[in-house]
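Reading through the structure tokens given below for one structure.
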Amino acid sequence: MPAISRLLPSISQPALLNSLKKLSKYKLSLWVTATGASGFLMISPAISASLLSTCGGIFLCSAAANTFNQIIERDKDALMVRTMDRPLPSKIMTHHQASVIGAGFTVFGGLMLYVSGGVYPMSLALMNIALYTLVYTPLKKKTQWNTHVGSVVGCIPPLIGCLSAGSTLLLPQPWLLFGLMYVWQIPHFYTLSWLYRNDYNKAGFKVYGIDDASGKKTATASMKWITLLSAFPLFYSLSGLIPPELLFATVFPNIVITHKAMNFYKDPNTKTASSLFVNSLWQILVLMGLTSYYLCNLRPVEDFNSKPSLEKPDE
């Protein structure tokens with residue numbers, strides 16, 4: 001912190017700490033880190049220095065993407081009630097100062113991933129920062145389907161975790177986590193967009209549900225995606241890649257989230273939408289954790305990294 005303070009002398013330490021928390025969206029970044037850890041633990045199910053370095057790297061890269069996003073959208077953020085107190089629109093920090101912080105997050109996050117897993121997880125993380133900043137962020141002003149592009153960004157951390165643990169993306173297992181995350185994000189962000197549709201409209205963002213005053217369209221679409229998400233354990237079990245125990249282990253979280261989605265569908269309002277949004281946060285972590293656990297225990301960890309032997313078998 002003292003080093004950062006010297007780079008940003010005009011900001012007091014308490015204000016700087018608060019600004020770093022807001023720039024990084026630390027709660028979101030911690031949640032993203034948890035999804036990345038599920039990928040790592042699927043391949044290497046043990047607490048290790050490599051796991052901790054991977055988690056640190058994913059957190060910092062997520063913080064970097066969030067920082068660059070706020071730099072680009074600082075004028076839009078000033079128009080929305082829920083974002084106008086962020087460091088840039090509130091003039092606590094300049095965009096040049098935020099750029100220094102974002103660059104620092106990027107460099108140290110990339111280095112931590114390089115230390116834990118080498119060039120591949122580092123490269124994937126840096127690519128994801130670019131995808132979020134240069135592709136998804138501009139699309140928010142152009143099309144309501146930006147969520148479907150942005151959801152790809154949210155699926156990358158589990159893949160980074162897998163690579164850091166020594167896996168390859170040529171195996172199907174990492175992509176099962178990817179698919180789960182992708183389908184979950186659509187209704188999650190549909191609900192968020194609907195809840196803050198007035199703010200988004202003022203800022204000129206084109207998000208799904210912005211013209212859905214009744215909430216019926218958003219609730220119907222969310223219900224369809226959540227039904228698909230709840231069916232994933234069945235699909236995965238039938239594929240033979242995950243034992244059928246996953247199907248039974250995920251019954252409770254899927255029943256809860258389906259119930260919340262049904263409430264939103266029957267009576268679209270702020271209360272039912274908020275309940276669906278909040279409960280979806282823990283539901284996906286449970287689904288990711290259980291899927292990772294059963295994938296890990298389906299076959300020995302060594303099998304992920306084993307190379308074919310060139311020796312002749314004993315006769």
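Each chain in the structure tokens gets a letter, A, B and so on, in the order shown; residues start at 1 in every chain, and ligands are counted from 1 in the order they appear.
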DSSP on the backbone: which residues in region 26-249 of chain A end up as alpha helix (DSSP H)? Give the answer as a PyMOL selection string. chain A and resi 26-43+49-72+74-77+95-117+119-130+137-139+146-164+173-195+197-203+216-239+245-249
Excluding Tyr293 (chain A) and its own-chain neighbours fewer than 3 positions away, which residues fall within 12 Å of it when counting only C-alpha atoms? Please give them as a PyMOL selection string. chain A and resi 37-46+173+177+242-243+245-246+249+285-290+296-301
Store the residues picked out above in a file with N, CA and C atoms, as a short mmCIF file (atom, residue, chain, number, x, y, z; two decimals), in the first residue's frame.
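What follows is the written file again.cif:
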```
data_model
loop_
_atom_site.label_atom_id
_atom_site.label_comp_id
_atom_site.auth_asym_id
_atom_site.auth_seq_id
_atom_site.Cartn_x
_atom_site.Cartn_y
_atom_site.Cartn_z
N ALA A 37 -10.79 -21.79 -8.88
CA ALA A 37 -10.29 -22.82 -7.96
C ALA A 37 -10.95 -24.16 -8.21
N SER A 38 -12.23 -24.14 -8.62
CA SER A 38 -12.92 -25.41 -8.89
C SER A 38 -12.25 -26.15 -10.05
N GLY A 39 -11.78 -25.39 -11.05
CA GLY A 39 -11.07 -26.01 -12.16
C GLY A 39 -9.74 -26.59 -11.73
N PHE A 40 -9.02 -25.86 -10.90
CA PHE A 40 -7.73 -26.35 -10.42
C PHE A 40 -7.90 -27.62 -9.58
N LEU A 41 -8.85 -27.58 -8.65
CA LEU A 41 -9.05 -28.70 -7.73
C LEU A 41 -9.60 -29.94 -8.43
N MET A 42 -10.24 -29.75 -9.57
CA MET A 42 -10.69 -30.90 -10.35
C MET A 42 -9.49 -31.73 -10.83
N ILE A 43 -8.40 -31.04 -11.14
CA ILE A 43 -7.21 -31.71 -11.65
C ILE A 43 -6.26 -32.10 -10.52
N SER A 44 -6.10 -31.21 -9.56
CA SER A 44 -5.16 -31.44 -8.47
C SER A 44 -5.86 -31.14 -7.14
N PRO A 45 -6.54 -32.14 -6.58
CA PRO A 45 -7.39 -31.91 -5.40
C PRO A 45 -6.64 -31.82 -4.08
N ALA A 46 -5.82 -30.80 -3.97
CA ALA A 46 -5.07 -30.60 -2.72
C ALA A 46 -4.70 -29.13 -2.59
N GLN A 173 -13.26 -32.69 -19.82
CA GLN A 173 -13.63 -32.30 -18.45
C GLN A 173 -13.64 -30.79 -18.22
N LEU A 177 -17.17 -27.84 -17.17
CA LEU A 177 -17.29 -26.69 -16.26
C LEU A 177 -17.61 -25.42 -17.05
N ILE A 242 -19.33 -38.35 -15.95
CA ILE A 242 -19.55 -38.10 -14.52
C ILE A 242 -20.49 -39.18 -14.00
N PRO A 243 -20.23 -39.75 -12.84
CA PRO A 243 -21.10 -40.80 -12.30
C PRO A 243 -22.49 -40.25 -11.98
N GLU A 245 -24.15 -40.25 -9.42
CA GLU A 245 -24.28 -39.62 -8.10
C GLU A 245 -24.42 -38.11 -8.20
N LEU A 246 -23.83 -37.52 -9.25
CA LEU A 246 -23.94 -36.07 -9.43
C LEU A 246 -25.40 -35.65 -9.57
N ALA A 249 -26.85 -35.52 -6.15
CA ALA A 249 -26.21 -34.52 -5.29
C ALA A 249 -26.67 -33.11 -5.62
N LEU A 285 -21.95 -22.05 -7.43
CA LEU A 285 -20.74 -22.50 -6.73
C LEU A 285 -20.91 -23.93 -6.25
N VAL A 286 -22.11 -24.27 -5.78
CA VAL A 286 -22.38 -25.66 -5.37
C VAL A 286 -22.30 -26.59 -6.58
N LEU A 287 -22.92 -26.18 -7.69
CA LEU A 287 -22.89 -27.02 -8.90
C LEU A 287 -21.46 -27.20 -9.41
N MET A 288 -20.69 -26.11 -9.41
CA MET A 288 -19.30 -26.19 -9.88
C MET A 288 -18.48 -27.09 -8.96
N GLY A 289 -18.67 -26.92 -7.64
CA GLY A 289 -17.92 -27.73 -6.69
C GLY A 289 -18.24 -29.20 -6.81
N LEU A 290 -19.52 -29.54 -6.93
CA LEU A 290 -19.92 -30.94 -7.04
C LEU A 290 -19.46 -31.55 -8.36
N CYS A 296 -13.17 -35.19 -10.66
CA CYS A 296 -11.87 -35.53 -10.08
C CYS A 296 -11.84 -36.97 -9.61
N ASN A 297 -12.93 -37.45 -9.01
CA ASN A 297 -12.96 -38.78 -8.44
C ASN A 297 -13.38 -39.86 -9.42
N LEU A 298 -13.71 -39.46 -10.65
CA LEU A 298 -14.07 -40.45 -11.64
C LEU A 298 -12.86 -41.21 -12.16
N ARG A 299 -11.73 -40.50 -12.24
CA ARG A 299 -10.50 -41.13 -12.72
C ARG A 299 -9.34 -40.54 -11.94
N PRO A 300 -8.25 -41.29 -11.75
CA PRO A 300 -7.11 -40.79 -10.99
C PRO A 300 -6.57 -39.49 -11.57
N VAL A 301 -6.12 -38.61 -10.67
CA VAL A 301 -5.56 -37.34 -11.11
C VAL A 301 -4.39 -37.56 -12.06
#
```
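Using only C-alpha atoms, the smallest distance between any of A:Leu16, A:Leu111, A:Ile47, A:Pro89 and Leu60 (chain A) comes from A:Leu111.
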All residues 9 Å or closer to Gln283 (chain A), only C-alpha atoms, same chain fewer than 4 positions away omitted, as a PyMOL selection string: chain A and resi 253-254+256-257+279+287-288
Go ahead and write the selection's residues with N, CA and C atoms as a JSON list (two decimals), in the first residue's frame.
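part_17.json, freshly written:
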```json
[["chain", "number", "residue", "atom", "x", "y", "z"],
["A", 253, "PRO", "N", -29.96, -27.96, -4.75],
["A", 253, "PRO", "CA", -29.73, -26.61, -5.30],
["A", 253, "PRO", "C", -30.56, -26.34, -6.55],
["A", 254, "ASN", "N", -30.79, -27.37, -7.36],
["A", 254, "ASN", "CA", -31.58, -27.16, -8.57],
["A", 254, "ASN", "C", -33.06, -26.95, -8.27],
["A", 256, "VAL", "N", -34.18, -25.54, -5.51],
["A", 256, "VAL", "CA", -34.26, -24.19, -4.93],
["A", 256, "VAL", "C", -34.27, -23.14, -6.03],
["A", 257, "ILE", "N", -33.32, -23.24, -6.98],
["A", 257, "ILE", "CA", -33.22, -22.20, -8.00],
["A", 257, "ILE", "C", -34.40, -22.25, -8.97],
["A", 279, "ASN", "N", -29.82, -16.01, -4.94],
["A", 279, "ASN", "CA", -29.71, -17.45, -4.75],
["A", 279, "ASN", "C", -28.92, -18.13, -5.86],
["A", 287, "LEU", "N", -22.92, -26.18, -7.69],
["A", 287, "LEU", "CA", -22.89, -27.02, -8.90],
["A", 287, "LEU", "C", -21.46, -27.20, -9.41],
["A", 288, "MET", "N", -20.69, -26.11, -9.41],
["A", 288, "MET", "CA", -19.30, -26.19, -9.88],
["A", 288, "MET", "C", -18.48, -27.09, -8.96]]
```
So which residues touch Leu131 (chain A) within 10 Å, counting only C-alpha atoms, skipping near sequence neighbours fewer than 3 positions away, as a list in words? Ala65, Ala125, Leu126, Met127, Asn128, Leu134, Val135, Tyr136, Thr137, Val149, Gly150, Val152 and Val153 of chain A
Compile the contact shell of Gly104 (chain A) as a JSON list (two decimals) with N, CA and C atoms, in the first residue's frame: residues with an atom at most 9 Å away, counting only C-alpha atoms, same-chain residues fewer than 4 positions apart removed.
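Result file is around-v5.json:
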```
[["chain", "number", "residue", "atom", "x", "y", "z"],
["A", 60, "LEU", "N", -6.37, -11.08, -9.37],
["A", 60, "LEU", "CA", -5.78, -9.84, -9.87],
["A", 60, "LEU", "C", -6.16, -9.58, -11.33],
["A", 64, "ALA", "N", -8.13, -6.46, -12.77],
["A", 64, "ALA", "CA", -7.65, -5.66, -13.90],
["A", 64, "ALA", "C", -8.76, -5.42, -14.92],
["A", 99, "SER", "N", -5.50, 3.74, -14.56],
["A", 99, "SER", "CA", -4.76, 2.97, -15.57],
["A", 99, "SER", "C", -3.50, 2.35, -14.98],
["A", 100, "VAL", "N", -2.82, 3.11, -14.11],
["A", 100, "VAL", "CA", -1.63, 2.59, -13.43],
["A", 100, "VAL", "C", -2.00, 1.38, -12.57],
["A", 108, "PHE", "N", 1.02, -8.22, -12.21],
["A", 108, "PHE", "CA", 1.20, -9.14, -11.08],
["A", 108, "PHE", "C", 0.29, -10.36, -11.18],
["A", 109, "GLY", "N", -0.92, -10.16, -11.72],
["A", 109, "GLY", "CA", -1.80, -11.31, -11.92],
["A", 109, "GLY", "C", -1.23, -12.28, -12.93]]
```
Give me the residues near Phe189 (chain A) as a ChimeraX atom specification, where near means some atom within 10 Å (using only C-alpha atoms) and where sequence neighbours in that chain fewer than 5 positions away do not count. /A:147-148,150-151,184,194-195,207-208,222,277
Convert the current residue selection to file output with C-alpha atoms, as a compact mmCIF listing (two decimals), in the first residue's frame.
```txt
# COMPACT_ATOMS: atom_id res chain seq x y z
CA THR A 147 -24.57 -10.88 -22.39
CA HIS A 148 -23.99 -13.93 -24.56
CA GLY A 150 -19.70 -11.49 -21.95
CA SER A 151 -20.68 -14.88 -20.56
CA TRP A 184 -25.82 -20.22 -15.64
CA TRP A 194 -33.95 -6.15 -15.56
CA LEU A 195 -33.47 -5.02 -11.96
CA VAL A 207 -29.13 -4.91 -22.24
CA TYR A 208 -31.71 -7.68 -22.32
CA SER A 222 -34.68 -16.86 -17.42
CA PHE A 277 -30.33 -13.27 -8.52
```
Neighbours of Ile186 (chain A) within 12 Å (only C-alpha atoms; same-chain residues fewer than 4 positions away dropped), as number ranges by chain? A: 144-152, 154-155, 179-182, 190-193, 207-208, 218-219, 221-229, 277, 280
